[in-house]
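Colleague: Input structure: work.cif, which contains mmCIF, C-alpha atoms.
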data_coords
#
loop_
_atom_site.label_atom_id
_atom_site.label_comp_id
_atom_site.auth_asym_id
_atom_site.auth_seq_id
_atom_site.Cartn_x
_atom_site.Cartn_y
_atom_site.Cartn_z
CA MET A 23 55.33 -16.95 -0.84
CA THR A 24 54.12 -13.39 -0.23
CA VAL A 25 52.36 -13.40 -3.58
CA TYR A 26 50.48 -16.60 -2.79
CA LEU A 27 49.49 -15.23 0.60
CA PHE A 28 48.21 -12.06 -1.05
CA ILE A 29 46.17 -14.08 -3.55
CA VAL A 30 44.69 -16.39 -0.91
CA LEU A 31 43.73 -13.49 1.37
CA GLY A 32 42.34 -11.47 -1.54
CA VAL A 33 40.19 -14.34 -2.82
CA LEU A 34 38.97 -14.99 0.74
CA ALA A 35 38.07 -11.31 1.17
CA VAL A 36 36.22 -11.10 -2.14
CA LEU A 37 34.31 -14.36 -1.69
CA SER A 38 33.21 -13.56 1.85
CA ALA A 39 32.24 -10.03 0.77
CA LEU A 40 30.05 -11.57 -1.93
CA MET A 41 28.51 -13.87 0.67
CA VAL A 42 27.74 -10.81 2.85
CA VAL A 43 25.60 -9.45 0.04
CA PHE A 44 23.98 -12.69 -1.11
CA THR A 45 23.16 -14.59 2.09
CA LYS A 46 19.59 -14.23 3.27
CA ASN A 47 20.16 -14.50 7.01
CA PRO A 48 21.54 -11.27 8.59
CA ILE A 49 23.51 -13.23 11.22
CA HIS A 50 25.38 -15.11 8.50
CA SER A 51 26.03 -11.83 6.71
CA ILE A 52 27.62 -10.40 9.87
CA LEU A 53 29.81 -13.47 10.35
CA TYR A 54 30.97 -13.33 6.73
CA LEU A 55 31.76 -9.63 7.17
CA VAL A 56 33.94 -10.50 10.17
CA LEU A 57 35.76 -12.99 7.93
CA THR A 58 36.28 -10.23 5.34
CA PHE A 59 37.72 -7.95 8.00
CA PHE A 60 40.15 -10.65 9.10
CA ALA A 61 41.29 -11.12 5.50
CA ILE A 62 41.79 -7.37 5.13
CA ALA A 63 43.78 -7.34 8.38
CA GLY A 64 45.96 -10.05 6.85
CA GLU A 65 46.57 -7.79 3.86
CA TYR A 66 47.61 -5.03 6.27
CA VAL A 67 50.18 -7.37 7.79
CA LEU A 68 51.51 -8.10 4.31
CA LEU A 69 51.88 -4.33 3.84
CA ASN A 70 53.89 -4.04 7.09
CA ALA A 71 51.06 -2.11 8.76
CA GLN A 72 50.97 -4.23 11.90
CA PHE A 73 49.39 -1.55 14.09
CA LEU A 74 46.49 -1.04 11.70
CA ALA A 75 46.00 -4.80 11.37
CA ILE A 76 45.56 -5.11 15.14
CA VAL A 77 43.33 -2.02 15.30
CA ASN A 78 41.25 -3.35 12.40
CA ILE A 79 40.60 -6.61 14.24
CA ILE A 80 39.91 -4.92 17.60
CA VAL A 81 37.73 -2.08 16.33
CA TYR A 82 35.93 -3.61 13.36
CA ALA A 83 35.72 -7.33 14.05
CA GLY A 84 35.62 -6.82 17.81
CA ALA A 85 33.52 -3.75 18.49
CA ILE A 86 31.51 -2.75 15.44
CA MET A 87 30.42 -6.23 14.40
CA VAL A 88 29.41 -7.10 17.97
CA LEU A 89 27.27 -3.95 17.90
CA PHE A 90 25.66 -5.21 14.69
CA LEU A 91 25.07 -8.64 16.23
CA PHE A 92 23.47 -7.07 19.29
CA VAL A 93 21.12 -4.99 17.15
CA VAL A 94 20.12 -7.94 14.97
CA MET A 95 19.44 -10.10 18.00
CA LEU A 96 17.64 -7.36 19.96
CA LEU A 97 15.37 -6.61 17.02
CA ASN A 98 14.90 -10.36 16.47
CA LEU A 99 15.71 -10.09 12.77
CA ASN A 100 17.49 -13.41 12.48
CA LYS A 101 14.96 -14.96 10.16
CA GLU A 102 15.19 -15.28 6.43
CA THR A 103 12.01 -13.44 5.52
CA GLU A 104 13.19 -10.56 3.44
CA PRO A 105 10.54 -9.29 1.04
CA HIS A 106 11.37 -10.21 -2.49
CA LYS A 107 12.96 -7.62 -4.67
CA SER A 108 12.13 -7.75 -8.34
CA MET A 109 14.58 -9.53 -10.63
CA LEU A 110 14.98 -6.40 -12.75
CA ARG A 111 16.24 -4.34 -9.82
CA LYS A 112 18.74 -7.05 -8.86
CA LEU A 113 19.99 -7.23 -12.43
CA ILE A 114 20.34 -3.44 -12.59
CA ALA A 115 22.28 -3.44 -9.29
CA VAL A 116 24.74 -6.07 -10.52
CA VAL A 117 25.23 -4.39 -13.90
CA ALA A 118 25.74 -0.94 -12.31
CA ALA A 119 28.31 -2.26 -9.85
CA GLY A 120 30.13 -4.15 -12.61
CA LEU A 121 30.28 -1.10 -14.85
CA LEU A 122 31.61 1.01 -11.96
CA MET A 123 34.32 -1.58 -11.37
CA VAL A 124 35.35 -1.47 -15.05
CA VAL A 125 35.59 2.34 -14.90
CA LEU A 126 37.57 2.30 -11.62
CA VAL A 127 40.05 -0.33 -12.77
CA GLY A 128 40.47 1.34 -16.15
CA SER A 129 41.06 4.79 -14.73
CA LEU A 130 43.47 3.61 -12.01
CA LYS A 131 45.50 1.37 -14.32
CA GLY A 132 48.44 3.76 -14.62
CA ALA A 133 48.52 4.80 -10.97
CA SER A 134 51.30 2.39 -10.03
CA ASN A 135 53.73 4.10 -12.41
CA MET A 136 54.04 7.00 -9.99
CA SER A 137 57.36 7.39 -8.26
CA ILE A 138 57.68 4.70 -5.61
CA GLN A 139 59.96 5.45 -2.69
CA PRO A 140 62.56 3.00 -1.46
CA PHE A 141 60.83 0.79 1.06
CA SER A 142 61.34 1.31 4.76
CA HIS A 143 60.43 -1.44 7.21
CA ASN A 144 59.19 0.73 10.06
CA THR A 145 56.59 2.89 8.29
CA GLY A 146 53.62 1.06 9.76
CA LEU A 147 55.05 0.38 13.19
CA ILE A 148 53.42 1.98 16.20
CA GLU A 149 56.43 4.13 17.12
CA ASN A 150 56.56 5.86 13.74
CA LEU A 151 52.77 6.19 13.50
CA GLY A 152 52.56 7.67 17.00
CA THR A 153 55.19 10.27 16.14
CA VAL A 154 53.26 11.34 13.04
CA LEU A 155 49.90 11.24 14.82
CA PHE A 156 50.94 13.41 17.75
CA ASN A 157 53.05 15.86 15.75
CA ASP A 158 51.35 16.47 12.40
CA PHE A 159 47.80 15.34 13.20
CA LEU A 160 47.32 16.53 16.77
CA LEU A 161 44.38 18.84 16.05
CA PRO A 162 42.39 16.21 14.06
CA PHE A 163 43.06 13.76 16.88
CA GLU A 164 41.52 16.13 19.43
CA VAL A 165 38.61 16.95 17.11
CA SER A 166 37.85 13.24 16.74
CA ALA A 167 37.43 13.09 20.52
CA ILE A 168 34.69 15.74 20.22
CA LEU A 169 33.17 13.71 17.38
CA PHE A 170 33.02 10.65 19.63
CA LEU A 171 31.37 12.65 22.40
CA ALA A 172 28.76 13.96 19.96
CA ALA A 173 28.14 10.47 18.58
CA MET A 174 27.74 9.05 22.07
CA VAL A 175 25.29 11.75 23.13
CA GLY A 176 23.37 11.32 19.86
CA ALA A 177 23.15 7.54 20.21
CA VAL A 178 21.92 7.79 23.81
CA MET A 179 19.36 10.43 22.88
CA LEU A 180 18.05 8.38 19.98
CA GLY A 181 17.91 5.24 22.06
CA LYS A 182 15.72 6.74 24.78
CA LYS A 183 12.16 5.50 24.87
CA ASP A 184 10.37 8.85 24.90
CA ILE A 185 12.06 11.85 23.34
CA LYS A 186 10.38 14.97 24.64
CA MET B 26 59.21 -8.31 7.36
CA THR B 27 57.89 -9.34 3.96
CA ASP B 28 59.26 -8.64 0.53
CA LEU B 29 56.80 -5.95 -0.39
CA LYS B 30 57.91 -5.28 -3.94
CA ALA B 31 56.97 -8.83 -4.96
CA ILE B 32 53.36 -7.67 -5.22
CA PRO B 33 52.59 -4.95 -7.78
CA LEU B 34 50.61 -1.96 -6.53
CA ASP B 35 48.10 -2.63 -9.32
CA TRP B 36 46.92 -5.76 -7.50
CA TYR B 37 45.99 -3.77 -4.43
CA ILE B 38 44.12 -1.28 -6.62
CA LEU B 39 42.27 -4.17 -8.28
CA LEU B 40 41.42 -5.84 -4.96
CA SER B 41 40.09 -2.70 -3.34
CA SER B 42 38.13 -1.76 -6.48
CA ILE B 43 36.46 -5.17 -6.39
CA LEU B 44 35.64 -4.84 -2.69
CA PHE B 45 34.29 -1.30 -3.18
CA CYS B 46 32.05 -2.43 -6.04
CA ILE B 47 30.75 -5.36 -4.00
CA GLY B 48 29.80 -2.80 -1.36
CA ILE B 49 28.02 -0.64 -3.97
CA MET B 50 26.22 -3.75 -5.22
CA GLY B 51 25.12 -4.58 -1.68
CA VAL B 52 23.66 -1.10 -1.22
CA LEU B 53 21.71 -1.37 -4.47
CA PHE B 54 20.82 -5.05 -4.13
CA ARG B 55 19.40 -5.50 -0.64
CA ARG B 56 16.44 -3.92 1.10
CA ASN B 57 17.39 -4.76 4.68
CA ALA B 58 18.88 -1.59 6.21
CA ILE B 59 21.35 -3.56 8.35
CA ILE B 60 22.85 -5.24 5.28
CA ILE B 61 23.11 -1.81 3.65
CA PHE B 62 25.03 -0.52 6.68
CA MET B 63 27.36 -3.50 6.41
CA SER B 64 27.93 -2.82 2.72
CA ILE B 65 28.91 0.76 3.61
CA GLU B 66 31.41 -0.66 6.10
CA LEU B 67 32.78 -2.85 3.33
CA MET B 68 33.27 0.19 1.08
CA LEU B 69 35.06 2.05 3.87
CA ASN B 70 37.36 -0.92 4.35
CA ALA B 71 38.16 -1.09 0.64
CA VAL B 72 39.23 2.57 0.75
CA ASN B 73 41.26 1.90 3.91
CA LEU B 74 43.09 -0.93 2.19
CA LEU B 75 43.98 1.31 -0.75
CA LEU B 76 45.20 4.08 1.59
CA VAL B 77 47.42 1.63 3.47
CA ALA B 78 48.79 0.23 0.21
CA PHE B 79 49.73 3.65 -1.14
CA SER B 80 51.12 4.66 2.24
CA ALA B 81 53.35 1.58 2.41
CA TYR B 82 54.54 1.86 -1.19
CA HIS B 83 55.31 5.59 -0.89
CA ASN B 84 56.87 5.20 2.55
CA ASP B 85 54.65 7.89 4.08
CA ALA B 86 52.99 7.25 7.42
CA ALA B 87 50.35 9.97 6.93
CA GLY B 88 48.16 7.58 4.93
CA GLN B 89 48.03 5.11 7.80
CA VAL B 90 47.14 7.87 10.24
CA PHE B 91 44.31 8.77 7.88
CA VAL B 92 43.09 5.17 8.05
CA PHE B 93 43.12 5.49 11.83
CA PHE B 94 40.83 8.54 11.58
CA THR B 95 38.59 6.76 9.09
CA MET B 96 38.10 3.94 11.56
CA ALA B 97 37.20 6.44 14.29
CA VAL B 98 34.64 8.17 12.09
CA ALA B 99 33.22 4.81 10.96
CA ALA B 100 32.76 3.72 14.57
CA ALA B 101 30.91 6.94 15.42
CA GLU B 102 28.79 6.65 12.28
CA ILE B 103 27.77 3.09 13.08
CA ALA B 104 26.83 3.96 16.66
CA VAL B 105 24.50 6.74 15.51
CA GLY B 106 23.24 4.80 12.47
CA LEU B 107 22.25 1.75 14.48
CA ALA B 108 20.48 3.98 17.02
CA ILE B 109 18.49 5.55 14.17
CA LEU B 110 17.75 2.06 12.86
CA ILE B 111 16.36 0.99 16.24
CA VAL B 112 14.10 4.06 16.32
CA VAL B 113 12.92 3.26 12.79
CA TYR B 114 12.21 -0.32 13.81
CA ARG B 115 10.17 0.85 16.80
CA ASN B 116 8.04 3.03 14.55
CA THR B 117 7.54 0.76 11.53
CA LYS B 118 8.23 -2.76 12.94
CA SER B 119 10.53 -3.44 10.00
CA THR B 120 14.00 -2.59 8.71
CA ASP B 121 12.92 -2.62 5.09
CA ILE B 122 14.07 0.64 3.51
CA ASP B 123 11.26 0.58 0.95
CA VAL B 124 8.81 1.14 3.81
CA LEU B 125 10.56 4.42 4.60
CA ASN B 126 9.22 6.39 1.65
CA ARG B 127 7.15 8.91 3.59
CA LEU B 128 9.56 11.72 2.75
CA LYS B 129 8.68 11.28 -0.92
CA GLY B 130 5.56 13.41 -0.39
#
Is it possible to express this structure as structure tokens?
Modeller:
Amino acid sequence: MTVYLFIVLGVLAVLSALMVVFTKNPIHSILYLVLTFFAIAGEYVLLNAQFLAIVNIIVYAGAIMVLFLFVVMLLNLNKETEPHKSMLRKLIAVVAAGLLMVVLVGSLKGASNMSIQPFSHNTGLIENLGTVLFNDFLLPFEVSAILFLAAMVGAVMLGKKDIK
Amino acid sequence: MTDLKAIPLDWYILLSSILFCIGIMGVLFRRNAIIIFMSIELMLNAVNLLLVAFSAYHNDAAGQVFVFFTMAVAAAEIAVGLAILIVVYRNTKSTDIDVLNRLKG
């Protein structure tokens, strides 16, 4: 049952990711990307990472993709008039990505033979993650707050009409 | 909750490699800057999936905390990137990245 669920979610993620790249309309691309994120969140649930599944849906599908939708609609880009790229460049893009995939899969083929620990059910639960986050990763957590402040100030500065 | 060991770790490596390469293909394939941003998000998510898979199979929560930080950095990156994109659109009236070749000299 788990295996079938993994396969269905994986095929859904890959197909909607392909549609993100190949659809002409940016709005459709965004909606397919949301579908991909939901499939990836399903994979997280299969891996017992429930907290990250919820955060993935809230942050990515909820916040980031809405930001994308706002920008596309504010800039009025929801028309299918993308200038044509030459066939040669498209072919080169597909071949390069395919070759990279062959190299990645070939080089990572033996990675699963590493020592695998006995499985614990509460690794991805919020209690365990919170303990690790606030004990071992407290400084990066605080630094990421500064990063958010800098990003917010930068976005507001860039968005102003007249930068002096 | 689920029987994790039914799925080999190799399948997760394969799935996230495929998603990462689709993201690379999107960056090379499209000219619309928004689609390129979305392809970068797709690549980040492929790496997140692989981190979670290794974290779950090795029973180490540090990988999932790393994914949490990756999401935070991705959110900040997208906020600034879309602001830059809006400024570019105001100046050139287009989001085509091939228009932005003035730095070539």
Colleague: Between CA of Gly84 (chain A) and CA of Met63 (chain B), what is the spacing in Å?
Modeller: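 About the pair CA of Met63 (chain B) and CA of Gly84 (chain A): they are 14.5 Å apart.
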Colleague: So, counting all atoms listed in the file, which residue among A:Ile79, A:Ala177, A:Gly64, A:Leu53 is closest to chain B?
Modeller: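 Of A:Ile79, A:Ala177, A:Gly64, A:Leu53, the one nearest chain B, counting all atoms listed in the file, is A:Ala177.
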Colleague: To one decimal place in Å, what is the distance between CA of Phe163 (chain A) and CA of Val81 (chain A)?
Modeller: 16.7 Å
Colleague: Any chance you could work out the residue set of the PyMOL selection byres ((chain B and resi 40) around 12) here, as a ChimeraX atom specification?
Modeller: /A:28-37,39,61-62,65,123,126-127,130 /B:33-39,41-47,68,70-75,78
Colleague: For the PyMOL selection byres ((chain B and resi 110) around 10), applied here, can you spell out every residue it catches as a PDB file with C-alpha atoms, in the coordinates of the input?
Modeller:
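Written out: part.pdb:
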ATOM      1  CA  VAL A  93      21.120  -4.990  17.150  1.00  0.00           C
ATOM      2  CA  LEU A  97      15.370  -6.610  17.020  1.00  0.00           C
ATOM      3  CA  LEU A 180      18.050   8.380  19.980  1.00  0.00           C
ATOM      4  CA  GLY A 181      17.910   5.240  22.060  1.00  0.00           C
TER       5      GLY A 181
ATOM      6  CA  ALA B  58      18.880  -1.590   6.210  1.00  0.00           C
ATOM      7  CA  ILE B  59      21.350  -3.560   8.350  1.00  0.00           C
ATOM      8  CA  PHE B  62      25.030  -0.520   6.680  1.00  0.00           C
ATOM      9  CA  VAL B 105      24.500   6.740  15.510  1.00  0.00           C
ATOM     10  CA  GLY B 106      23.240   4.800  12.470  1.00  0.00           C
ATOM     11  CA  LEU B 107      22.250   1.750  14.480  1.00  0.00           C
ATOM     12  CA  ALA B 108      20.480   3.980  17.020  1.00  0.00           C
ATOM     13  CA  ILE B 109      18.490   5.550  14.170  1.00  0.00           C
ATOM     14  CA  ILE B 111      16.360   0.990  16.240  1.00  0.00           C
ATOM     15  CA  VAL B 112      14.100   4.060  16.320  1.00  0.00           C
ATOM     16  CA  VAL B 113      12.920   3.260  12.790  1.00  0.00           C
ATOM     17  CA  TYR B 114      12.210  -0.320  13.810  1.00  0.00           C
ATOM     18  CA  ARG B 115      10.170   0.850  16.800  1.00  0.00           C
ATOM     19  CA  ASN B 116       8.040   3.030  14.550  1.00  0.00           C
ATOM     20  CA  SER B 119      10.530  -3.440  10.000  1.00  0.00           C
ATOM     21  CA  THR B 120      14.000  -2.590   8.710  1.00  0.00           C
TER      22      THR B 120
END
Colleague: Rounded to one decimal in Å, what is the spacing between CA of Val98 (chain B) and CA of Ile168 (chain A)?
Modeller: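 CA of Ile168 (chain A) lies at a distance of 11.1 Å from CA of Val98 (chain B).
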Colleague: Using only C-alpha atoms, which residue out of B:Ala86, B:Leu128, B:Glu66, B:Lys118 lies closest to chain A?
Modeller: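 Closest residue, counting only C-alpha atoms: B:Ala86.
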Colleague: Got a sec to resolve the PyMOL selection byres ((chain B and resi 80) around 10) on this structure and send the residues as a ChimeraX atom specification?
Modeller: /A:69,71,145-146 /B:74-79,81-92
Colleague: From the options A:Phe156, A:Phe92, A:Phe170, A:Tyr26, which residue's atoms come nearest to chain B, counting all atoms listed in the file?
Modeller: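 Smallest distance to chain B is found for A:Phe170.
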Colleague: Using only C-alpha atoms, which of the listed residues (B:Leu67, B:Arg56, B:Ile49, B:Phe93) sits closest to Leu74 (chain A)?
Modeller: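 Distance minimum relative to Leu74 (chain A) lands on B:Phe93.
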